[in-house]
Amino acid sequence: MGASILSDFGAEILIPVCAVIGIAFSLVQWVLVSKVKLSPGRESVNNGSGAKNGYSDYLIEEEGLNDHSVVLKCAEIQSAISEGATSFLFTEYQYVGIFMVAFAILIFLFLGSVEGFSSKSQPCTYDKSKICKPALATAAFSTISFLLGAITSVVSGFLGMKIATYANARTTLEARKGVGKAFITAFRSGAVMGFLLAANGLLVLYIAINLFKLYYGDDWSGLFEAITGYGLGGSSMALFGRVGGGIYTKAADVGADLVGKVERNIPEDDPRNPAVIADNVGDNVGDIAGMGSDLFGSYAESSCAALVVASISSFGINHELTPMLYPLIISSVGIIVCLITTLFATDFFEIKAVKEIEPSLKRQLIISTALMTIGIGIVSWIALPSSFTIFNFGDQKAVKNWQLFLCVAVGLWAGLIIGFVTEYYTSNAYSPVQDVADSCRTGAATNVIFGLALGYKSCIIPIFAIAISIFVSFSFAAMYGIAVAALGMLSTIATGLAIDAYGPISDNAGGIAEMAGMSHRIRERTDALDAAGNTTAAIGKGFAIGSAALVSLALFGAFVSRAAISTVDVLTPKVFIGLLVGAMLPYWFSAMTMKSVGSAALKMVEEVRRQFNTIPGLMEGTTKPDYATCVKISTDASIKEMIPPGALVMLTPLVVGIFFGVETLSGVLAGSLVSGVQIAISASNTGGAWDNAKKYIEAGASPHAKSLGPKGSDPHKAAVIGDTIGDPLKDTSGPSLNILIKLMAVESLVFAPFFATHGGLLFKLF
């Protein structure tokens, strides 16, 4: 077998050092962003010692408007958005906190009851000749790791939201100097979130493993089984963050668009629109806090799935620490690779024109993927023995280190392919979105038909990419191969999140520019940043969905092994009924979330109409609307409406496992994975395409776009209707579905010992 080149001590130093470097880098980026001041102060002339990206000079606007009132207005709007987002998240976390405690108690009771709450050591699950720690210990440590994952997920989302609301007005102010300065401010802010999240997730997991090891000692299979709670905690919080935030943002967005743009013919983000603050708050709680928690959940679960399988392979059996920590070492190297990649956007190349924005963001994906491929090669060479065995449903499969390198690399490159296909179908630079925009000539109905067709078609290549990566990675290294392929896709999570968070920050910056009454040129710059951000947000969702498919399959494999199911036979009725029900669940879930957005938006539309009709001087701009009422409508609706979809996802594995047993549950997991991925991809891309078709008409950058415009024309109104329909698809249902398929799989894995012992009550009766 041979030993790895990297010593155990080396691995134990490398992981925390990389995590600390990631945190330090994010703090440096935050300091650079904070140099843009939000209070009018002494203007100092740039004396030539200015940094290339212009942080030494004070805001001497290119337009010569040294206007302090604009700076004060931006600061006031930013403060309103930040307060709204903070109060919503605190309200959400109170409800989620109650759920977290209740579910933690449930985990302890269910897993503790497997051996009747006995504190005696027991024969190991996978090797009966050895003695392992009691089931009660697994129950206690799974509960602790669940709480750790949940808290880390909540903190990740909250920090992301704080950073985004800190940076939005600063991006607006920098846009006065040019599009390059604004881009760098928005991108640096996204990088703060990306690196904080990647490094925190890695560090907390690493510390948890080391602390658990003090009790578990040589019982590595028990240790890493308990660690799976970390992934469950991360994803369960992400579900509520995604659904709650998604309902909030889209209720406000739909209400603001339908009444403001379609009925009253006022521009987007016009300060006369009562829902405008709620809309901007929504970008932060849905797209930033929700996405942060979501990708943290994926990262935690893929790491847990890989560690569980490794602990019952030769790495775990022979207690080889460095190869055992291979998944964490990949993530550590990923942080360093993303750090180098970020410098390409902020320091090595300067953006001078609008058309350079999107290529710069795409360059981030390509550079990070290329560098990461080299990084994975080095890690596979130094951290793995030349040959080893991997657990494969009861057998041990011989694997070489180069085969594991290919598993990770295939996941990494599949992620890039999914990203670029998503971009092709959602960017208005390419024909699919331009065709959707063109269909607006004949009204909203043809726009909707074209948009739906685009979404369905956009599933084809991503599904083939996922299928090929599954086949390659499973052929080489069984379920461990699939888990590390998912980890490969997520290894550049810091860059992916930076690109993703950049979008909502730019969107908010545009809104602030409009509300502060800044010039048309500045709004054009922020719109250009926002249009690129829309596409990158779609790319981020593509990554999240692709990685969720691989992660949930890896977790499914770990569940099947842990529940001691020899084969999952589709022809047995127990499994087949599970498949059917599982395939239906994403539709049920989507129906709930879509209807929630619809009913919340209905209340919002009524309130916005009421204010326009009853507040004198509102349309003329002489009186201020009542923003607070709209913020409250969104908050109340999202808190109330996030509970039923969340309960559906969390209770399904428990109900199926307890009453129908592990075979039926394996069918449910497979069914929900297969149908959930398709719906998630098509929903996200349809919504993204409708949004960018509307922006294509509004920008009027080409003769074709000019022929469809301007704002307020019939084709533009049809495009706004398409965009409004697409809002809940791309920001609520679509992104939440990837959490559904991951969460059900990880929950089944955590409760597998209980289901295997006490499950299938109904079938036991007959």
# chains A, B, ... in the order shown; residues from 1 in each chain; ligands from 1

call {"tool": "residues_around", "arguments": {"residues": "range 665-671 of chain A", "least_positions_apart": "3", "cutoff": "6 Å", "atoms": "only C-alpha atoms", "output": "MDAnalysis selection string"}}
result
chainID A and resid 575 578:579 582:583 656:657 662 674

call {"tool": "residues_around", "arguments": {"residues": "Leu197 in chain A", "least_positions_apart": "3", "cutoff": "9 Å", "atoms": "only C-alpha atoms", "output": "ChimeraX atom specification"}}
result
/A:23,152-153,155-157,159-160,192-194,200-202,292-293,295-296,493-494,497

call {"tool": "closest_atom_pairs", "arguments": {"of": "range 166-188 of chain A", "to": "range 521-534 of chain A", "cutoff": "8 Å", "atoms": "only C-alpha atoms", "output": "Markdown table"}}
result
| residue | atom | partner | partner_atom | distance |
| --- | --- | --- | --- | --- |
| A:Thr172 | CA | A:Thr526 | CA | 7.3 |
| A:Ala175 | CA | A:Ile522 | CA | 6.1 |
| A:Arg176 | CA | A:Ile522 | CA | 6.1 |
| A:Gly178 | CA | A:Arg525 | CA | 7.7 |
| A:Val179 | CA | A:Arg525 | CA | 5.8 |
| A:Ala182 | CA | A:Thr526 | CA | 7.9 |
| A:Phe183 | CA | A:Leu529 | CA | 6.9 |

call {"tool": "closest_residue", "arguments": {"among": "A:Leu343, A:Ile460, A:Ala75, A:Ala752", "to": "Thr495 in chain A", "atoms": "only C-alpha atoms"}}
result
A:Leu343

call {"tool": "closest_atom_pairs", "arguments": {"of": "range 276-317 of chain A", "to": "range 222-245 of chain A", "cutoff": "6 Å", "atoms": "only C-alpha atoms", "output": "tab-separated table"}}
result
residue	atom	partner	partner_atom	distance
A:Val285	CA	A:Gly245	CA	5.0
A:Gly286	CA	A:Gly245	CA	3.9
A:Gly290	CA	A:Arg242	CA	4.3
A:Ser293	CA	A:Ala238	CA	4.6
A:Asp294	CA	A:Ala238	CA	4.9
A:Gly297	CA	A:Ser235	CA	4.5
A:Ala300	CA	A:Gly231	CA	4.7
A:Glu301	CA	A:Gly231	CA	4.3
A:Cys304	CA	A:Thr228	CA	5.3
A:Val308	CA	A:Phe224	CA	5.3

call {"tool": "write_last_selection", "arguments": {"atoms": "N, CA, C and O atoms", "output": "PDB file, in the first residue's frame"}}
result
ATOM      1  N   VAL A 285     -31.262  39.194   2.073  1.00  0.00           N
ATOM      2  CA  VAL A 285     -31.651  38.046   2.905  1.00  0.00           C
ATOM      3  C   VAL A 285     -31.857  36.781   2.069  1.00  0.00           C
ATOM      4  O   VAL A 285     -31.646  35.672   2.548  1.00  0.00           O
ATOM      5  N   GLY A 286     -32.239  36.957   0.804  1.00  0.00           N
ATOM      6  CA  GLY A 286     -32.459  35.774  -0.047  1.00  0.00           C
ATOM      7  C   GLY A 286     -31.207  35.350  -0.768  1.00  0.00           C
ATOM      8  O   GLY A 286     -30.672  34.257  -0.567  1.00  0.00           O
ATOM      9  N   GLY A 290     -29.175  33.446   2.152  1.00  0.00           N
ATOM     10  CA  GLY A 290     -29.663  32.120   1.738  1.00  0.00           C
ATOM     11  C   GLY A 290     -28.615  31.341   0.971  1.00  0.00           C
ATOM     12  O   GLY A 290     -28.359  30.163   1.244  1.00  0.00           O
ATOM     13  N   SER A 293     -25.649  30.152   3.258  1.00  0.00           N
ATOM     14  CA  SER A 293     -25.989  28.957   4.051  1.00  0.00           C
ATOM     15  C   SER A 293     -26.093  27.722   3.164  1.00  0.00           C
ATOM     16  O   SER A 293     -25.689  26.628   3.556  1.00  0.00           O
ATOM     17  N   ASP A 294     -26.637  27.897   1.950  1.00  0.00           N
ATOM     18  CA  ASP A 294     -26.835  26.779   1.021  1.00  0.00           C
ATOM     19  C   ASP A 294     -25.494  26.160   0.627  1.00  0.00           C
ATOM     20  O   ASP A 294     -25.288  24.939   0.739  1.00  0.00           O
ATOM     21  N   GLY A 297     -23.823  24.411   3.404  1.00  0.00           N
ATOM     22  CA  GLY A 297     -24.432  23.090   3.619  1.00  0.00           C
ATOM     23  C   GLY A 297     -23.877  22.054   2.660  1.00  0.00           C
ATOM     24  O   GLY A 297     -23.532  20.938   3.054  1.00  0.00           O
ATOM     25  N   ALA A 300     -20.302  21.183   3.696  1.00  0.00           N
ATOM     26  CA  ALA A 300     -20.264  20.357   4.910  1.00  0.00           C
ATOM     27  C   ALA A 300     -20.691  18.926   4.601  1.00  0.00           C
ATOM     28  O   ALA A 300     -20.068  17.960   5.057  1.00  0.00           O
ATOM     29  N   GLU A 301     -21.739  18.779   3.770  1.00  0.00           N
ATOM     30  CA  GLU A 301     -22.246  17.430   3.476  1.00  0.00           C
ATOM     31  C   GLU A 301     -21.294  16.626   2.610  1.00  0.00           C
ATOM     32  O   GLU A 301     -21.121  15.426   2.829  1.00  0.00           O
ATOM     33  N   CYS A 304     -18.581  15.465   4.825  1.00  0.00           N
ATOM     34  CA  CYS A 304     -19.051  14.401   5.729  1.00  0.00           C
ATOM     35  C   CYS A 304     -19.235  13.077   4.988  1.00  0.00           C
ATOM     36  O   CYS A 304     -18.851  12.018   5.497  1.00  0.00           O
ATOM     37  N   VAL A 308     -17.169   9.710   5.950  1.00  0.00           N
ATOM     38  CA  VAL A 308     -17.861   8.495   6.411  1.00  0.00           C
ATOM     39  C   VAL A 308     -17.380   7.277   5.617  1.00  0.00           C
ATOM     40  O   VAL A 308     -17.060   6.228   6.184  1.00  0.00           O
TER      41      VAL A 308
END

call {"tool": "closest_residue", "arguments": {"among": "A:Met604, A:Leu762, A:Ala549, A:Ala756", "to": "Ile739 in chain A", "atoms": "only C-alpha atoms"}}
result
A:Ala549

call {"tool": "closest_residue", "arguments": {"among": "A:Ser713, A:Asn447, A:Thr664, A:Asn508", "to": "Ile697 in chain A", "atoms": "only C-alpha atoms"}}
result
A:Ser713

call {"tool": "closest_residue", "arguments": {"among": "A:Ser599, A:Ser4, A:Ser221, A:Thr535", "to": "Gly503 in chain A", "atoms": "only C-alpha atoms"}}
result
A:Thr535

call {"tool": "residues_around", "arguments": {"residues": "Lys730 in chain A", "least_positions_apart": "2", "cutoff": "8 Å", "atoms": "only C-alpha atoms", "output": "list in words"}}
result
Ala683, Ser684, Asn685, Thr686, Gly687, Gly688, Gly726, Asp727, Pro728, Thr732, Ser733, Gly734 and Pro735 of chain A

call {"tool": "write_last_selection", "arguments": {"atoms": "N, CA and C atoms", "output": "mmCIF file, in the first residue's frame"}}
result
data_model
loop_
_atom_site.group_PDB
_atom_site.id
_atom_site.type_symbol
_atom_site.label_atom_id
_atom_site.label_comp_id
_atom_site.auth_asym_id
_atom_site.auth_seq_id
_atom_site.Cartn_x
_atom_site.Cartn_y
_atom_site.Cartn_z
ATOM 1 N N ALA A 683 -36.029 25.644 -13.564
ATOM 2 C CA ALA A 683 -36.647 26.800 -12.889
ATOM 3 C C ALA A 683 -35.656 27.956 -12.778
ATOM 4 N N SER A 684 -34.424 27.650 -12.357
ATOM 5 C CA SER A 684 -33.417 28.716 -12.192
ATOM 6 C C SER A 684 -33.093 29.384 -13.523
ATOM 7 N N ASN A 685 -32.928 28.576 -14.574
ATOM 8 C CA ASN A 685 -32.528 29.150 -15.866
ATOM 9 C C ASN A 685 -33.671 29.891 -16.563
ATOM 10 N N THR A 686 -34.883 29.391 -16.425
ATOM 11 C CA THR A 686 -36.043 30.105 -16.994
ATOM 12 C C THR A 686 -36.156 31.491 -16.370
ATOM 13 N N GLY A 687 -36.111 31.543 -15.041
ATOM 14 C CA GLY A 687 -36.222 32.824 -14.344
ATOM 15 C C GLY A 687 -35.091 33.776 -14.707
ATOM 16 N N GLY A 688 -33.866 33.233 -14.769
ATOM 17 C CA GLY A 688 -32.706 34.058 -15.123
ATOM 18 C C GLY A 688 -32.816 34.612 -16.536
ATOM 19 N N GLY A 726 -40.918 34.731 -13.457
ATOM 20 C CA GLY A 726 -39.654 34.012 -13.236
ATOM 21 C C GLY A 726 -39.043 34.244 -11.874
ATOM 22 N N ASP A 727 -39.434 35.362 -11.209
ATOM 23 C CA ASP A 727 -38.822 35.690 -9.913
ATOM 24 C C ASP A 727 -38.909 34.553 -8.890
ATOM 25 N N PRO A 728 -40.119 34.021 -8.596
ATOM 26 C CA PRO A 728 -40.159 32.924 -7.614
ATOM 27 C C PRO A 728 -39.491 31.644 -8.118
ATOM 28 N N THR A 732 -36.704 31.409 -5.456
ATOM 29 C CA THR A 732 -37.333 30.726 -4.315
ATOM 30 C C THR A 732 -37.366 29.212 -4.560
ATOM 31 N N SER A 733 -38.181 28.767 -5.522
ATOM 32 C CA SER A 733 -38.342 27.314 -5.728
ATOM 33 C C SER A 733 -37.072 26.643 -6.222
ATOM 34 N N GLY A 734 -36.493 27.180 -7.312
ATOM 35 C CA GLY A 734 -35.319 26.538 -7.924
ATOM 36 C C GLY A 734 -34.171 26.327 -6.955
ATOM 37 N N PRO A 735 -33.672 27.407 -6.309
ATOM 38 C CA PRO A 735 -32.528 27.237 -5.412
ATOM 39 C C PRO A 735 -32.844 26.416 -4.164
#

call {"tool": "closest_atom_pairs", "arguments": {"of": "range 88-187 of chain A", "to": "range 314-318 of chain A", "cutoff": "12 Å", "atoms": "only C-alpha atoms", "output": "Markdown table"}}
result
| residue | atom | partner | partner_atom | distance |
| --- | --- | --- | --- | --- |
| A:Cys124 | CA | A:Ile317 | CA | 11.8 |
| A:Tyr126 | CA | A:Ile317 | CA | 10.4 |
| A:Asp127 | CA | A:Ile317 | CA | 9.9 |
| A:Lys130 | CA | A:Ile317 | CA | 11.0 |

call {"tool": "write_last_selection", "arguments": {"atoms": "N, CA and C atoms", "output": "compact mmCIF listing (two decimals), in the first residue's frame"}}
result
# COMPACT_ATOMS: atom_id res chain seq x y z
N CYS A 124 -18.64 -3.32 16.44
CA CYS A 124 -18.68 -2.29 15.40
C CYS A 124 -19.67 -2.68 14.29
N TYR A 126 -19.42 -2.32 10.99
CA TYR A 126 -18.86 -2.89 9.77
C TYR A 126 -17.87 -4.03 10.04
N ASP A 127 -17.47 -4.21 11.31
CA ASP A 127 -16.54 -5.29 11.66
C ASP A 127 -16.91 -5.79 13.05
N LYS A 130 -14.58 -6.33 16.21
CA LYS A 130 -14.01 -5.23 17.00
C LYS A 130 -15.10 -4.60 17.88

call {"tool": "decode", "arguments": {"residues": "range 533-557 of chain A", "atoms": "N, CA, C and O atoms", "output": "compact mmCIF listing (two decimals), in the first residue's frame"}}
result
# COMPACT_ATOMS: atom_id res chain seq x y z
N GLY A 533 -24.02 40.58 -12.91
CA GLY A 533 -24.29 39.89 -11.64
C GLY A 533 -25.44 38.91 -11.74
O GLY A 533 -25.43 37.86 -11.09
N ASN A 534 -26.44 39.24 -12.58
CA ASN A 534 -27.58 38.34 -12.79
C ASN A 534 -27.11 37.02 -13.38
O ASN A 534 -27.55 35.94 -13.00
N THR A 535 -26.22 37.14 -14.37
CA THR A 535 -25.71 35.94 -15.03
C THR A 535 -24.85 35.14 -14.06
O THR A 535 -24.95 33.92 -13.98
N THR A 536 -23.99 35.85 -13.29
CA THR A 536 -23.13 35.11 -12.35
C THR A 536 -23.96 34.46 -11.25
O THR A 536 -23.60 33.39 -10.76
N ALA A 537 -25.08 35.09 -10.88
CA ALA A 537 -25.96 34.47 -9.88
C ALA A 537 -26.53 33.17 -10.43
O ALA A 537 -26.62 32.16 -9.72
N ALA A 538 -26.88 33.18 -11.73
CA ALA A 538 -27.39 31.95 -12.36
C ALA A 538 -26.29 30.89 -12.40
O ALA A 538 -26.55 29.70 -12.17
N ILE A 539 -25.04 31.31 -12.66
CA ILE A 539 -23.92 30.36 -12.66
C ILE A 539 -23.75 29.76 -11.27
O ILE A 539 -23.57 28.56 -11.11
N GLY A 540 -23.86 30.62 -10.24
CA GLY A 540 -23.75 30.15 -8.85
C GLY A 540 -24.81 29.12 -8.53
O GLY A 540 -24.54 28.11 -7.87
N LYS A 541 -26.05 29.38 -9.02
CA LYS A 541 -27.13 28.42 -8.77
C LYS A 541 -26.86 27.11 -9.50
O LYS A 541 -27.16 26.02 -9.00
N GLY A 542 -26.27 27.20 -10.72
CA GLY A 542 -25.91 25.99 -11.47
C GLY A 542 -24.93 25.14 -10.69
O GLY A 542 -25.09 23.92 -10.57
N PHE A 543 -23.90 25.78 -10.13
CA PHE A 543 -22.92 25.08 -9.29
C PHE A 543 -23.60 24.42 -8.10
O PHE A 543 -23.33 23.26 -7.77
N ALA A 544 -24.48 25.18 -7.44
CA ALA A 544 -25.14 24.67 -6.23
C ALA A 544 -25.99 23.44 -6.57
O ALA A 544 -26.00 22.45 -5.82
N ILE A 545 -26.69 23.48 -7.72
CA ILE A 545 -27.55 22.36 -8.11
C ILE A 545 -26.70 21.15 -8.51
O ILE A 545 -26.97 20.01 -8.09
N GLY A 546 -25.66 21.38 -9.33
CA GLY A 546 -24.79 20.28 -9.76
C GLY A 546 -24.12 19.60 -8.59
O GLY A 546 -24.10 18.36 -8.48
N SER A 547 -23.59 20.41 -7.66
CA SER A 547 -22.91 19.81 -6.49
C SER A 547 -23.92 19.10 -5.60
O SER A 547 -23.62 18.05 -5.03
N ALA A 548 -25.15 19.65 -5.51
CA ALA A 548 -26.18 19.00 -4.69
C ALA A 548 -26.50 17.61 -5.22
O ALA A 548 -26.71 16.67 -4.44
N ALA A 549 -26.53 17.46 -6.55
CA ALA A 549 -26.83 16.15 -7.15
C ALA A 549 -25.76 15.14 -6.75
O ALA A 549 -26.06 14.01 -6.34
N LEU A 550 -24.48 15.54 -6.86
CA LEU A 550 -23.38 14.62 -6.52
C LEU A 550 -23.35 14.34 -5.01
O LEU A 550 -23.16 13.21 -4.59
N VAL A 551 -23.54 15.40 -4.22
CA VAL A 551 -23.50 15.25 -2.76
C VAL A 551 -24.59 14.29 -2.31
O VAL A 551 -24.34 13.37 -1.51
N SER A 552 -25.82 14.49 -2.82
CA SER A 552 -26.92 13.65 -2.32
C SER A 552 -26.75 12.20 -2.77
O SER A 552 -27.13 11.28 -2.05
N LEU A 553 -26.14 11.99 -3.95
CA LEU A 553 -25.87 10.61 -4.37
C LEU A 553 -24.83 9.96 -3.46
O LEU A 553 -24.97 8.79 -3.06
N ALA A 554 -23.79 10.73 -3.08
CA ALA A 554 -22.76 10.20 -2.17
C ALA A 554 -23.38 9.89 -0.81
O ALA A 554 -23.10 8.84 -0.20
N LEU A 555 -24.23 10.78 -0.33
CA LEU A 555 -24.90 10.55 0.96
C LEU A 555 -25.84 9.35 0.87
O LEU A 555 -25.97 8.57 1.82
N PHE A 556 -26.50 9.22 -0.29
CA PHE A 556 -27.39 8.08 -0.53
C PHE A 556 -26.60 6.77 -0.42
O PHE A 556 -27.04 5.82 0.22
N GLY A 557 -25.40 6.76 -1.04
CA GLY A 557 -24.54 5.56 -0.96
C GLY A 557 -24.14 5.25 0.47
O GLY A 557 -24.16 4.10 0.90
